[in-house]
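Chemist: Here you go, one structure.
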Amino acid sequence: MKKLIVFFLSLSFCFTFSQEADSIKTKELKEVLVVGTKATLHEKQTKTLATLDEFLQKSTKVDLIKRGAYAWEPIINGMATERTVVTIDGMRIFGACTDKMDPVTSYVEVSNLSEATISSGQQGSCHGNTIGGSIDLKRSQRQFTNAGWEFFVNSGYETNNRQKIIGSAINYADSLFYVDTDVMFRDAENYKAGNNKEIQFSQFRKLNLSATSGYRLAPNKNIEASVIFDRATDVGYPALPMDVSLAEALITSVKFNYKPNLEQIDNWETKLYFNTITHTMDDTKRPVVPIHMDMPGWSDTYGFYSKVNGKYKKHQFLANLNSFYNRSVAEMTMYPSDPNENLMFMYTWPDVRTLYAGIYLEHNFEINCHSNLKFTTNLGFHNNNVASDFGLQSLQIFYPEMKASKSRFLKSFSTNYFYNKDGISYGFGMGYGERAPSVSEGYGFYLYNSFDGFDYIGNLNLKNEKSLEGNANIGFKNAKWQTKISASYFHIYDYIIGIPDASVAPMTIGANGIKVYTALDYATILSSDFTISYQLSDFWIWKGQFVYNLGKDNENNGLPFMSPFNYMTSLGFRPGKFSSELQLKGNATQTEYNAFYGEDKTPDYAIVNANLGYKFTFEKSKMILNTGVENMFDANYTTYTDWKNLPRMGRNIFINLMFQF
Amino acid sequence: MKTSIKYIVAIFAMALTFVSCSNDDETTVNELDGITKFKEITNDTHTIELYSHMGSLEQGYNEISLRIKDNTTDKYIKNAEVSWSPLMHMAMMTHSCPYSAVEKVTENGTLYEGYIMFQMAQNDTEYWDLKIDYTINGVDYTATDVIDVPASAKRKVNTFTGSDGVKYLVAYIEPHHPKVALNDMKVGVWKMQNMMTFPVVDGYTVKIDPRMPSMGNHTSPNNIHATQTLAGGLYDGKLSLTMTGYWKINLQLADAEGTILKGEEITETVTASSIFFEIEF
């Protein structure tokens with residue numbers, strides 16, 4: 001694999017400690033991906049300053065929809081933002097762009113993070129109702145150590161898009177107090193696809209600052225405050241008709257942690273958080289636009305959670321009481337060519353307020369030393385309220401009987417069995433989950449989707465989308481071999497997707513028509529992956545990773561963004577301080593595609609990557625140098641996740657340098 | 001603890017009292033709410049005050065209210081029988097326009113109202129005057145004066161000869177203040193019987209197709225063509241406007257059998273109808 005030691009399956013680790021009689025082992029099917037520069041394992045990465053998107057791409061469960069070089073949209077088991085929950089340390093954040101140009105992951109930086117926990121399907125319902133799964137991005141896990149001062153300087157350069165990366169971190173910790181600060185700046189020009197073809201409007205610039213500080217109030221009580229400020233400017237989206245002049249987020253939280261002197265309760269963590277996002281689309285740099293328009297969006301979220309972990313004999317418990325209040329507003333103002341004419345204005349998101357309150361309960365029962373059973377329940381109350389009369393009246397054009405407020409009750413349950421003995425592990429489970437329609441699905445007003453060329457209209461009469469899920473996995477591990485195959489099957493009732501309505505004319509110039517978000521009776525998604533690794537010798541390791549997803553609607557036609565057969569295989573050589581890797585990566589031809597949803601047949605591709613790393617250690621400081629070449633043979637290719645077949649980056653040589661003292 | 005609960009209860013009770021007090025405010029009905037005087041016509045005995053929403057008249061449909069003041073007592077007359085007739089003075093001829101009867105607004109009030117639809121505007125040489133005839137306690141009076149009817153900034157009236165050879169007048173009435181919403185729409189349809197008589201046309205349909213010429217000439221969904229609910233009345237429909245800006249409401253006039261008398265359907269090649277209204281907000 002290109003990146004060495006990238007993920008751990010807790011499942012495959014637990015049995016190592018099974019000798020310890022009194023420890024309760026949590027066996028769960030979730031992937032923990034080292035993504036940030038804050039993790040200790042970070043320095044084993046082969047491209048230390050890769051973007052968060054590049055890190056997430058390594059998971060077999062996650063792929064990313066690409067509308068340009070920046071702000072890729074994560075999809076889990078082939079399901080995009082509406083069907084997944086992406087959180088930062090348990091905090092809910094919602095992008096402010098109606099066109100999904102700003103997924104939550106675009107507002108953080110690897111320097112803020114230590115790892116990403118990826119949970120598939122209902123296993124990911126801890127922080128909210130989901131269908132496809134969840135990603136929880138974890139910030140620094142530092143505690144009250146006596147580490148004193150630490151200084152880091154990071155810098156990188158990539159030749160293809162002349163991306164310059166510069167960052168630093170200053171950390172201090174003693175037994176009562178710690179503070180971590182970091183800053184990272186990236187500036188990239190247009191990238192070039194294979195054969196040196198420049199992709200216009202693929203530039204980006206991003207500045208990220210973050211600080212976390214903790215104070216120990218008592219030996220078992222501490223308080224932590226955290227802030228992330230992220231500001232991206234001049235971001236091009238070559239696959240879309242508009243770019244972004246500003247995407248700015250302020251993400252803040254205060255956490256109180258308490259370890260009661262009770263045998264049954266391990267930890268009680270309570271967090272209050274607030275985040276605000278401003279997103280401004282911009283088409284002024286495009287040479288030809290049918291009509292110039294401004295499309296700003298805002299999303300503010302206030303929330304809290306209170307999470308208790310405990311154990312009693314062979315039972316392990318987790319309860320998470322959580323709530324958030326989100327305000328999403330987006331506007332569109334079009335400028336007529338005659339300057340004397342009034343501006344054309346509409347709300348595309350009519351100031352939708354979402355109030356959610358829910359409780360998540362998890363019970364892990366250790367049947368014996370090598371098998372356990374896990375039950376989860378998530379019950380939530382969900383209310384949407386349209387606060388703008390202007391917006392409400394706009395939507396009443398379509399739904400004359402519409403009321404401003406709508407409440408739902410969301411339920412989710414799952415149960416999983418895990419077994420792990422003598423290198424053999426297997427598990428299976430069932431789940432049921434529900435989700436409310438997203439703001440766009442419920443309340444969107446003429447949202448142009450350039451993928452299929454339709455204007456989308458929300459539908460507030462949508463029922464909850466419901467998923468019945470089954471999953472199974474089996475793995476084998478010995479001193480040299482490690483293999484695992486896992487599959488999930490989702491039968492989704494009232495599957496929400498846009499369906500053309502010929503009776504309504506589109507608004508956007510050149511659009512193909514109108515799609516109204518509608519519930520299909522059902523849709524099914526099969527997601528499967530296979531990973532294998534073989535330790536050839538002390539220094540050599542071979543790895544392989546294969547993914548295949550299949551999605552069908554109720555008429556047996558394909559769903560969009562389902563992975564065709566996708567493979568990655570790598571050979572790594574790691575003697576001591578030196579590491580190197582050669583990687584082959586590709587897709588088979590996409591045979592399951594559906595023009596109805598804007599897809600076409602994506603041809604197969606294969607690219608070769610290679611990288612080298614070396615760790616220099618001096619007396620009290622160290623320097624890590626990583627360099628590599630991506631898409632070595634400069635293939636011109638596109639994948640099923642590339643919006644409108646946007647070609648991917650051609651040959652790129654990167655160099656990352658990390659200096660610690 | 002007990003005392004604090006007592007206080008809370010007391011505060012609540014007080015708050016409730018205040019809330020209920022403020023609800024008792026009586027609002028006196030002011031007849032002149034929302035209308036502004038734009039003209040006084042005086043004769044020997046009375047002064048007639050003319051009011052409208054805009055504080056002026058313009059080409060198109062105008063709702064006009066009036067009050068009659070006795071010049072000697074300064075009191076407003078509550079028991080008059082009123083009628084009016086607008087007249088356009090052109091170089092070679094005179095003609096009238098569609099107008100309604102004048103009705104008392106409330107039994108005990110002083111206000112009378114009706115509508116006049118000026119199908120054309122005044123210009124340097126041509127002007128409108130308004131003759132008001134009224135009877136008080138069996139005595140007839142009359143007052144006449146020139147009124148200002150400037151051209152409307154946007155097209156509010158269509159005057160045309162239908163395919164049946166009849167001369168029709170179609171005027172925009174409501175919404176006064178268009179919104180991004182499904183607006184209640186009112187239009188009027190009259191025909192010219194002779195130079196002085198313009199009766200309401202009954203049983204027709206005014207088909208509407210709002211378009212934004214500045215933005216690819218897109219339309220809007222769920223419009224409802226205007227039809228009459230009562231013979232002799234105005235036409236009601238629903239006008240959907242999906243954004244602010246300049247809208248051209250393309251029209252087709254259909255008779256009771258559905259035959260199109262005037263106006264064209266909008267297609268790729270036909271981007272506007274020959275009869276239309278304009279609004280901008």
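Ligands are numbered from 1 in the order shown, chains are lettered A, B, ... in the order of the structure tokens, and residues start at 1 in each chain.
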Which residues of chain B sit at most 8 Å from chain A, using only C-alpha atoms? Give each one's shortest atom pair and distance in Å (one decimal place), in chain and ascending residue order, as a tab-separated table.

Modeler:
```
residue	atom	partner	partner_atom	distance
B:Lys179	CA	A:Phe390	CA	7.9
B:Val180	CA	A:Ser394	CA	5.4
B:Ala181	CA	A:Ser394	CA	4.6
B:Leu182	CA	A:Ile397	CA	4.9
B:Ser214	CA	A:Pro336	CA	5.7
B:Met215	CA	A:Ile509	CA	6.7
B:Gly216	CA	A:Ile509	CA	5.3
B:His218	CA	A:Met507	CA	5.5
B:Thr219	CA	A:Ala505	CA	6.5
B:Ser220	CA	A:Ala505	CA	6.8
B:Pro221	CA	A:Val504	CA	5.5
B:Asn222	CA	A:Ile397	CA	6.8
B:Ser240	CA	A:Ile397	CA	6.3
B:Leu241	CA	A:Ser394	CA	8.0
B:Thr242	CA	A:Ser394	CA	6.4
B:Met243	CA	A:Met346	CA	4.9
B:Thr244	CA	A:Met344	CA	4.7
B:Gly245	CA	A:Met344	CA	4.5
B:Tyr246	CA	A:Asn342	CA	6.5
B:Glu280	CA	A:Asn342	CA	6.9
B:Phe281	CA	A:Asn342	CA	6.7
```

Chemist: Suppose we keep C-alpha atoms; can you now write the selection as a short mmCIF file (atom, residue, chain, number, x, y, z; two decimals), in the first residue's frame?

Modeler:
```
data_model
loop_
_atom_site.label_atom_id
_atom_site.label_comp_id
_atom_site.auth_asym_id
_atom_site.auth_seq_id
_atom_site.Cartn_x
_atom_site.Cartn_y
_atom_site.Cartn_z
CA LYS B 179 -44.15 38.82 -3.84
CA VAL B 180 -42.01 35.78 -4.45
CA ALA B 181 -44.99 33.54 -3.80
CA LEU B 182 -48.15 32.24 -5.36
CA SER B 214 -33.61 38.66 -18.74
CA MET B 215 -33.01 35.11 -17.64
CA GLY B 216 -33.55 32.79 -20.53
CA HIS B 218 -38.00 31.01 -17.96
CA THR B 219 -41.53 30.61 -16.68
CA SER B 220 -42.88 29.69 -13.27
CA PRO B 221 -44.95 26.75 -12.08
CA ASN B 222 -48.52 26.36 -10.84
CA SER B 240 -46.53 32.44 -9.29
CA LEU B 241 -43.32 34.46 -9.16
CA THR B 242 -40.22 32.48 -8.24
CA MET B 243 -37.89 35.44 -7.75
CA THR B 244 -37.84 39.21 -7.68
CA GLY B 245 -37.07 41.20 -10.81
CA TYR B 246 -38.75 42.02 -14.08
CA GLU B 280 -41.03 44.63 -11.63
CA PHE B 281 -40.30 44.32 -7.93
#
```

Chemist: I'd like the neighbourhood of Tyr235 (chain B) as a tab-separated table (two decimals) with N, CA and C atoms, in the first residue's frame, where a residue qualifies if any of its atoms comes within 9 Å (using only C-alpha atoms), though same-chain residues fewer than 3 positions away should be ignored.

Modeler:
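See out-v9.tsv below for the written result:
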```tsv
chain	number	residue	atom	x	y	z
B	185	MET	N	-54.13	36.79	-8.13
B	185	MET	CA	-54.10	37.71	-9.26
B	185	MET	C	-55.52	38.12	-9.63
B	186	LYS	N	-55.67	39.37	-9.99
B	186	LYS	CA	-56.96	39.89	-10.43
B	186	LYS	C	-56.72	40.65	-11.73
B	187	VAL	N	-57.53	40.35	-12.72
B	187	VAL	CA	-57.49	41.14	-13.95
B	187	VAL	C	-58.92	41.50	-14.32
B	188	GLY	N	-59.04	42.48	-15.20
B	188	GLY	CA	-60.36	42.88	-15.66
B	188	GLY	C	-60.44	42.73	-17.17
B	189	VAL	N	-61.60	42.31	-17.65
B	189	VAL	CA	-61.80	42.18	-19.09
B	189	VAL	C	-63.09	42.92	-19.46
B	204	TYR	N	-65.12	34.48	-19.93
B	204	TYR	CA	-63.90	34.23	-20.70
B	204	TYR	C	-62.81	33.70	-19.76
B	205	THR	N	-61.65	33.40	-20.34
B	205	THR	CA	-60.48	33.01	-19.55
B	205	THR	C	-59.30	33.86	-19.99
B	206	VAL	N	-58.56	34.40	-19.00
B	206	VAL	CA	-57.31	35.09	-19.32
B	206	VAL	C	-56.18	34.14	-18.95
B	226	ALA	N	-56.79	33.20	-15.12
B	226	ALA	CA	-57.81	34.01	-14.45
B	226	ALA	C	-59.19	33.75	-15.06
B	227	THR	N	-60.15	33.49	-14.17
B	227	THR	CA	-61.53	33.29	-14.60
B	227	THR	C	-62.44	34.06	-13.65
B	228	GLN	N	-63.68	34.19	-14.08
B	228	GLN	CA	-64.65	34.94	-13.28
B	228	GLN	C	-65.35	34.02	-12.29
B	229	THR	N	-65.59	34.54	-11.10
B	229	THR	CA	-66.44	33.77	-10.18
B	229	THR	C	-67.88	34.26	-10.24
B	230	LEU	N	-68.05	35.52	-10.59
B	230	LEU	CA	-69.39	36.12	-10.65
B	230	LEU	C	-69.51	36.88	-11.97
```

Chemist: If you run DSSP over the backbone, which residues in region 18-266 of chain B end up alpha helix (DSSP H)? Put them as a ChimeraX atom specification.

Modeler: /B:18-23

Chemist: Within 8 Å of region 150-165 of chain B, counting only C-alpha atoms, which residues qualify if same-chain residues fewer than 4 places away don't, as an NGL selection string?

Modeler: :B and (57-61 or 119-123 or 169-172 or 260-262 or 275-279)

Chemist: By how many Å are CA of Asn626 (chain A) and CA of Thr48 (chain A) apart?

Modeler: 7.2 Å

Chemist: Can you tell me, as a PDB file with N, CA and C atoms, in the first residue's frame, what residues are no more than 10 Å from Phe633 (chain A) when counting only C-alpha atoms, ignoring any on the same chain fewer than 6 positions away?

Modeler:
```
ATOM      1  N   GLY A 194      -3.231  14.472 -17.179  1.00  0.00           N
ATOM      2  CA  GLY A 194      -2.244  13.757 -17.994  1.00  0.00           C
ATOM      3  C   GLY A 194      -2.039  14.451 -19.327  1.00  0.00           C
ATOM      4  N   ASN A 195      -0.880  14.273 -19.906  1.00  0.00           N
ATOM      5  CA  ASN A 195      -0.510  14.927 -21.177  1.00  0.00           C
ATOM      6  C   ASN A 195      -0.461  16.443 -21.047  1.00  0.00           C
ATOM      7  N   ALA A 606      -5.443   2.892 -14.738  1.00  0.00           N
ATOM      8  CA  ALA A 606      -4.480   2.394 -13.772  1.00  0.00           C
ATOM      9  C   ALA A 606      -3.359   3.418 -13.682  1.00  0.00           C
ATOM     10  N   ILE A 607      -2.960   3.727 -12.468  1.00  0.00           N
ATOM     11  CA  ILE A 607      -1.833   4.645 -12.306  1.00  0.00           C
ATOM     12  C   ILE A 607      -0.824   4.026 -11.349  1.00  0.00           C
ATOM     13  N   VAL A 608       0.406   4.492 -11.465  1.00  0.00           N
ATOM     14  CA  VAL A 608       1.489   3.991 -10.618  1.00  0.00           C
ATOM     15  C   VAL A 608       2.022   5.156  -9.790  1.00  0.00           C
ATOM     16  N   ASN A 609       2.164   4.899  -8.506  1.00  0.00           N
ATOM     17  CA  ASN A 609       2.734   5.894  -7.601  1.00  0.00           C
ATOM     18  C   ASN A 609       3.957   5.294  -6.916  1.00  0.00           C
ATOM     19  N   GLY A 650      -2.355  14.839 -13.440  1.00  0.00           N
ATOM     20  CA  GLY A 650      -1.313  14.076 -14.137  1.00  0.00           C
ATOM     21  C   GLY A 650      -0.121  13.852 -13.222  1.00  0.00           C
ATOM     22  N   ARG A 651       1.047  13.660 -13.803  1.00  0.00           N
ATOM     23  CA  ARG A 651       2.229  13.354 -12.997  1.00  0.00           C
ATOM     24  C   ARG A 651       2.487  14.470 -11.989  1.00  0.00           C
ATOM     25  N   ASN A 652       2.758  14.062 -10.763  1.00  0.00           N
ATOM     26  CA  ASN A 652       2.977  15.038  -9.700  1.00  0.00           C
ATOM     27  C   ASN A 652       4.099  14.540  -8.803  1.00  0.00           C
TER      28      ASN A 652
END
```

Chemist: Any idea what's packed within 9 Å of region 133-145 of chain B, counting only C-alpha atoms, ignoring anything in its chain fewer than 2 positions away? Could you give it as an mmCIF file with C-alpha atoms, in the first residue's frame?

Modeler:
```cif
data_model
loop_
_atom_site.group_PDB
_atom_site.id
_atom_site.type_symbol
_atom_site.label_atom_id
_atom_site.label_comp_id
_atom_site.auth_asym_id
_atom_site.auth_seq_id
_atom_site.Cartn_x
_atom_site.Cartn_y
_atom_site.Cartn_z
ATOM 1 C CA GLU B 40 -60.279 67.917 -4.821
ATOM 2 C CA ILE B 41 -63.090 68.880 -7.163
ATOM 3 C CA THR B 42 -65.107 71.835 -5.945
ATOM 4 C CA ASN B 43 -68.421 73.293 -7.043
ATOM 5 C CA THR B 45 -71.871 73.739 -2.647
ATOM 6 C CA HIS B 46 -69.477 70.873 -2.094
ATOM 7 C CA THR B 47 -65.872 69.764 -2.262
ATOM 8 C CA ILE B 48 -65.280 66.244 -3.531
ATOM 9 C CA ILE B 77 -72.216 63.742 3.407
ATOM 10 C CA ASN B 79 -76.405 59.739 2.288
ATOM 11 C CA ALA B 80 -75.523 60.736 -1.273
ATOM 12 C CA GLU B 81 -76.250 58.703 -4.395
ATOM 13 C CA VAL B 82 -73.109 59.008 -6.505
ATOM 14 C CA SER B 83 -72.173 58.144 -10.070
ATOM 15 C CA TRP B 84 -69.283 59.197 -12.263
ATOM 16 C CA SER B 85 -68.214 59.330 -15.858
ATOM 17 C CA TRP B 128 -59.158 63.073 -19.070
ATOM 18 C CA ASP B 129 -61.820 64.756 -17.038
ATOM 19 C CA LEU B 130 -64.101 63.258 -14.434
ATOM 20 C CA LYS B 131 -67.728 64.246 -14.019
ATOM 21 C CA ILE B 147 -57.701 64.737 -13.668
#
```
